[in-house]
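Just below is one structure, and these are the notes that go with it.
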Amino acid sequence: MAEQKDFVGRVVGAASQGAVGAVVAASLSAVTEPIVNSILVKRVPLSEAVKELDPERVKRFLQTTLATNFIKFPFFEATNVIMQGVDLPPTARGAVLGTVFCTTTLPITNYRFRKSMDLPITPSDLYQAYLPTVLRDILYGIVRNKVMTFMVGLNPARSNTNLGRFMNMFATVIAACVLSAPGNELRGYCLQPANKRQSMVDFFQPSKFVRSTSIGAIIMAISLGVGTLATPQVEKLWATLRNYLKSNPISYLLIVLFAVSKVLDARREKAMLSAIDSAPANKGKSADAKAKP
C-alpha cells in the first residue's frame, strides 16, 4: 500500500515537473518556435526567419503554446513514470512510451505547428506526418530512459540535489533531442507545403540540421531542467495533502462541493456574457418594431 502511495506521488511529481516545464517552454517557444519551424520547413536562413516575426504574432502564439504545453508536457512526464513500473526492457519501454505519446498528442502537435506557420487547419491535417513523428518520439523515449539511468548512475548522491537534478535532466534532454532529430528532420520534410516542396538534396543539409535542432533542444532542456526543481516540493505537498485528507474525510466532500460551485459559477458567467452580447441586438429589433406603423 505504501509503495502504491509513493508511486502516485511520483506520478504527481512528474506531472508537476511537466507543468513547470510547460510554462517555461511556452514562454520561450512563443518567440523561438515560429523561427525554428520556418528554418525546419521553409529552410530559410535564421536572419530571414527572425524578420518574419512580429510582436502581435508572438502574443497570439503564446496562447497556443501555453494551452498545448499544459497537455503535452505533464502527460509525457507522468506517462514516463507510469511506464517505469511496467516490466519491459528499457528499449521496449521507451518505444511504447514514444508510440503512446505520439498517437495521443499528434493532433495537438500539428495544430500548434500550423498555428505557428499561419497555415489553415483542417481535420485531415491533425495526423499529418504520423510515421516520422512516431519515429522521433520513439527515439526520444528510448534515449530519455537510457541516458537518465546513465546520468543518475554516475553520481547517485548528486542526483538528490537541485543542481544534480537540473544537470541530469538538461544533459538527458539534450541527448534525446539530438539523437531523435533525424525523425524530426524527416517530419519537417513531410510537412512542407506542396507548392514550395524542396528536393531531398536541398532539404537535408548539415547546416540546416544544426540550426533547426539546436534551438529546440536547448529550450526543452532548460524547461524540463527547471521543472525538476519543483518536483520534490510538489511531492512533499502531495504527501501532506494526502495525510490531511486521510485524517479529515469530510475534506473530500468539501473539495467536490468546491469543484461543483466553480462549474456552476462558470456556467452562470457564460450565460450572463451571452445575455449581454445579445442585448443590443434585441434592443435594436424592438426599436425597429415600434417604428413600424
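We name chains A, B, ... following the order of the C-alpha cells; residues begin at 1 in each chain, and ligands are numbered from 1 as shown.
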Would you pick out the contacts of Ala30 in chain A at 10 Å or less, using only C-alpha atoms, so that residues sharing its chain but fewer than 5 positions from it are not included, and give the list as a ChimeraX atom specification? /A:25,35,55,57-66,116
Secondary structure check, alpha helix (DSSP H) residues of range 111-156 of chain A, as a PyMOL selection string: chain A and resi 111-116+130-154
Taken to one decimal, the CA of Gln192 in chain A-CA of Val50 in chain A distance is 19.2 Å
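Interatomic distance, CA of Lys208 in chain A to CA of Leu28 in chain A: 20.7 Å.
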I'd like the neighbourhood of range 124-130 of chain A as an NGL selection string, where a residue qualifies if any of its atoms comes within 12 Å (using only C-alpha atoms), though same-chain residues fewer than 4 positions away should be ignored. :A and (99 or 101-115 or 119-120 or 134-138 or 183-193)
Atoms kept (C-alpha atoms) for selection, written as an mmCIF file, in the first residue's frame:
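The new file selection-v7.cif reads:
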data_model
loop_
_atom_site.group_PDB
_atom_site.id
_atom_site.type_symbol
_atom_site.label_atom_id
_atom_site.label_comp_id
_atom_site.auth_asym_id
_atom_site.auth_seq_id
_atom_site.Cartn_x
_atom_site.Cartn_y
_atom_site.Cartn_z
ATOM 1 C CA THR A 99 4.228 5.486 -29.510
ATOM 2 C CA PHE A 101 2.655 9.846 -26.553
ATOM 3 C CA CYS A 102 2.763 10.499 -30.311
ATOM 4 C CA THR A 103 -0.538 8.790 -31.089
ATOM 5 C CA THR A 104 -2.307 10.668 -28.309
ATOM 6 C CA THR A 105 -0.850 14.143 -28.809
ATOM 7 C CA LEU A 106 -0.063 14.376 -32.539
ATOM 8 C CA PRO A 107 -3.279 16.335 -33.284
ATOM 9 C CA ILE A 108 -2.150 18.916 -30.689
ATOM 10 C CA THR A 109 1.374 18.969 -32.151
ATOM 11 C CA ASN A 110 0.148 19.507 -35.702
ATOM 12 C CA TYR A 111 -2.408 22.109 -34.615
ATOM 13 C CA ARG A 112 0.363 24.021 -32.885
ATOM 14 C CA PHE A 113 2.706 23.679 -35.851
ATOM 15 C CA ARG A 114 0.158 25.047 -38.305
ATOM 16 C CA LYS A 115 -0.715 27.933 -35.962
ATOM 17 C CA LEU A 119 -1.420 27.815 -42.087
ATOM 18 C CA PRO A 120 -5.083 26.739 -42.392
ATOM 19 C CA VAL A 134 6.232 8.494 -34.076
ATOM 20 C CA LEU A 135 9.787 7.539 -35.100
ATOM 21 C CA ARG A 136 11.063 10.743 -33.499
ATOM 22 C CA ASP A 137 9.090 10.184 -30.285
ATOM 23 C CA ILE A 138 10.150 6.529 -30.024
ATOM 24 C CA GLY A 183 12.982 11.802 -37.153
ATOM 25 C CA ASN A 184 12.210 15.486 -36.624
ATOM 26 C CA GLU A 185 14.002 16.406 -39.859
ATOM 27 C CA LEU A 186 12.018 13.781 -41.755
ATOM 28 C CA ARG A 187 8.838 15.154 -40.181
ATOM 29 C CA GLY A 188 9.805 18.650 -41.367
ATOM 30 C CA TYR A 189 10.347 17.328 -44.888
ATOM 31 C CA CYS A 190 6.889 15.717 -44.908
ATOM 32 C CA LEU A 191 5.237 18.897 -43.596
ATOM 33 C CA GLN A 192 6.468 21.096 -46.455
ATOM 34 C CA PRO A 193 3.713 22.873 -48.418
#
For Ala19 in chain A, list every protein, DNA or RNA residue within 10 Å, evaluated using only C-alpha atoms, and leave out those in the same chain fewer than 5 positions away; present the list as a ChimeraX atom specification. /A:13-14,24-25,66,69-75,77,223-224,227,230
